[in-house]
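Before any comments, here is the structure.
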There are 2 protein chains.
Amino acid sequence: MRIAYQGEPGAYSEAAALAYDAEGTPEPCRSFEDVFAAVSSGAAARGILPMENTIGGTIHRNYDLLVEHELPIVGEVQLKVDHCLLALPGVTLDEIKVVHSHPQALAQCERFLRGLPNVQIEAVYDTAGGAKLIREQQLRGHAAIASIRAAEVFELDVLHKGVQDFENNITRFCVIARQAITEGADKTSIVFALPSEPGTLFRALSSFALRGIDLTKLESRPMRGRPWEYLFYVDLGAGRSDVRCGRAIVHLAESARWVKTLGSYARWNEASIKAGVGEGSVDVSITSS
Amino acid sequence: MRIAYQGEPGAYSEAAALAYDAEGTPEPCRSFEDVFAAVSSGAAARGILPMENTIGGTIHRNYDLLVEHELPIVGEVQLKVDHCLLALPGVTLDEIKVVHSHPQALAQCERFLRGLPNVQIEAVYDTAGGAKLIREQQLRGHAAIASIRAAEVFELDVLHKGVQDFENNITRFCVIARQAITEGADKTSIVFALPSEPGTLFRALSSFALRGIDLTKLESRPMRGRPWEYLFYVDLGAGRSDVRCGRAIVHLAESARWVKTLGSYARWNEASIKAGVGEGSVDVSITSS
């Protein structure tokens, strides 16, 4: 199964594609739009998109793209962002004079970097790019901060694991496909717009509360250019085929300006996916047809 | 008034500090923690922190810092992120062979950059850093993507304004101080934690809905490490001294694990601030004492 992702080989999105399907073939794309185009055209069976990070927040742009396109979410992946210090084989930590990485990764490892004396910090376009540079130009005395996957791709040694300053740096990705897969789904992502009036949200949420449906994500976002409307991103703890979920969405539609179901899928559970239970296994049987 | 911000002169946070108080003295800091330290110690009267961006989402790290520290929010600024292409005076667009900027800015200007033929793209640590490099090394044939403020700081020409691909790229900043200022406040930011049980949020929001208080932001965030608790960021459309607001927070505290008021302040309104009405003018009288 081809899985389109944004970035270069060795990027965290590529690692997420492999966490989703270890047998899959990740296909690098230049932009998020290109990921949608690859899935739309059939060039890839799946696309994988980062949606939110526990440090950095929600990537609104990808929500916009999900709303604009008609490609349903069919799965999710949660990936721990575990930055590693990588260097050419045989190079030791005290030989390192320059560290390359993406500015966001450098910022997330600031305390670690301050602890390395006399080291020059250089920013590169993506984390995997720094690793690639060291391999291609055989830069001894240089290290990159990137994923453990980048170490594999560019045959570098891992000098240090977990060099990030904050624990619990996790990115949640969603997996998109041309067709919905509702089998085994126990989570549904929806987006809706409400007029900005006191109590509107309270009434909208009653659709779920009255049916005992838990919300695992709820986020409001002002719609720029439409000053009196708000968008809401909501993840429901129920699959779309659960009768309560269907009724709740119909009920919500009575007060919302519009509602869009982005997809219904099995919630991420590393253990169950690895055991071949849930969406991971469903995928394989469907895409092999 | 000294206003601490994270970044270098010419950074968007510096522009936000000047939008907050055109007479203020922005003080660059290395990290967000250093902004808090500068305000705590009295080295700066105010600190300014980016909280959310319309494309990139909420910066959870700064919410964490606001919860950890006892420095109230006393104001907010909304700043349009308007990327400009900057070069040395006299240089024309067709002379440009290299463009420098922060990877996030480069990504936000991808369509514009693709339209420039045979131009090499180089990533730098921050947007202002690219402008600084061109000025210091007198790089003709090079351009930087940065704020119009960076053009002023480094005496560069603006070759193009608004080179970002997406309209409505706005960052909301909050202003922190050592002491709360409730005069003129019509907005209150709170954070609270709820147990993850169906209907808990609905009950919590009833505190506001029953009193006709509008919510201008609502965002849930799972508390990593405490799997059954959720954090909620809520902005209320009422000042803390509004009796409805006080009662609603007391009511909320009945069902929440904990509630923290981050601050009460005047909502951002460019026109009123410029006219000397609202928090901007209150500030000046307080810090001059």
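Quick note on naming: the chains in the structure tokens go A, B, ... in the order shown, residues restart at 1 in each chain, and ligands are numbered from 1 in order of appearance.
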
If we count only C-alpha atoms, what is near segment 39-52 of chain B at a cut-off of 7 Å, once residues fewer than 2 positions away on the same chain are taken out, given as a list of chain:residue names?
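With the cut-off at 7 Å, the set is B:Met1, B:Arg2, B:Ile3, B:Ala4, B:Tyr5, B:Ala17, B:Val35, B:Phe36, B:Ala37, B:Thr54, B:Gly57, B:Thr58, B:Ile59, B:Asn62, B:Thr171, B:Arg172, B:Phe173, B:Cys174, B:Val175, B:Ile176, B:Ala177, B:Arg178.
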
Do me a favour and pick out the residues of chain A within 8 Å of chain B, using only C-alpha atoms, as a ChimeraX atom specification.
/A:54-61,102-103,122-125,168,196-199,202,205-206,208-210,212-215,217-221,224-225

Please report the interatomic distance between atom CA of Val99 of chain A and atom CA of Ala15 of chain A in Å with one decimal.
22.0 Å

Just list the residues in segment 94-212 of chain A DSSP gives strand (DSSP E) on the backbone, as JSON, numbers by chain.
{"A": [98, 99, 100, 101, 120, 121, 122, 123, 142, 143, 144, 145, 146, 157, 158, 159, 160, 170, 171, 172, 173, 174, 175, 176, 187, 188, 189, 190, 191, 192, 193, 194, 195]}

Restricting the calculation to only C-alpha atoms, which member of B:Pro117, B:Pro9, B:Pro28, B:Pro72 is positioned closest to Lys97 of chain B?
B:Pro117

Quick one: pick out all alpha helix (DSSP H) residues within segment 70-118 of chain A from a backbone DSSP run and write them as JSON, numbers by chain.
{"A": [103, 104, 105, 106, 107, 108, 110, 111, 112, 113, 114]}

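When atom CA of Leu252 of chain B is paired with atom CA of Thr188 of chain B, their separation reads 14.1 Å.
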
Contacts of Pro89 of chain A at 8 Å (only C-alpha atoms; same-chain gap of 6+ positions) as a list in words:
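Listing them by chain and then by number gives Glu155, Leu156 and Asp157 of chain A.
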
Would you output that residue set with N, CA and C atoms, as a CSV table (one decimal), in the first residue's frame?
chain,number,residue,atom,x,y,z
A,155,GLU,N,22.0,5.9,7.3
A,155,GLU,CA,23.1,5.1,7.9
A,155,GLU,C,24.0,5.9,8.8
A,156,LEU,N,23.4,6.5,9.8
A,156,LEU,CA,24.1,7.3,10.8
A,156,LEU,C,24.0,6.6,12.2
A,157,ASP,N,24.9,6.8,13.1
A,157,ASP,CA,24.9,6.3,14.4
A,157,ASP,C,24.0,7.2,15.3

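Distances here use only C-alpha atoms; by that measure, the residue among A:Lys132, A:Lys161, A:Lys187, A:Arg267 closest to Cys109 of chain A is A:Lys161.
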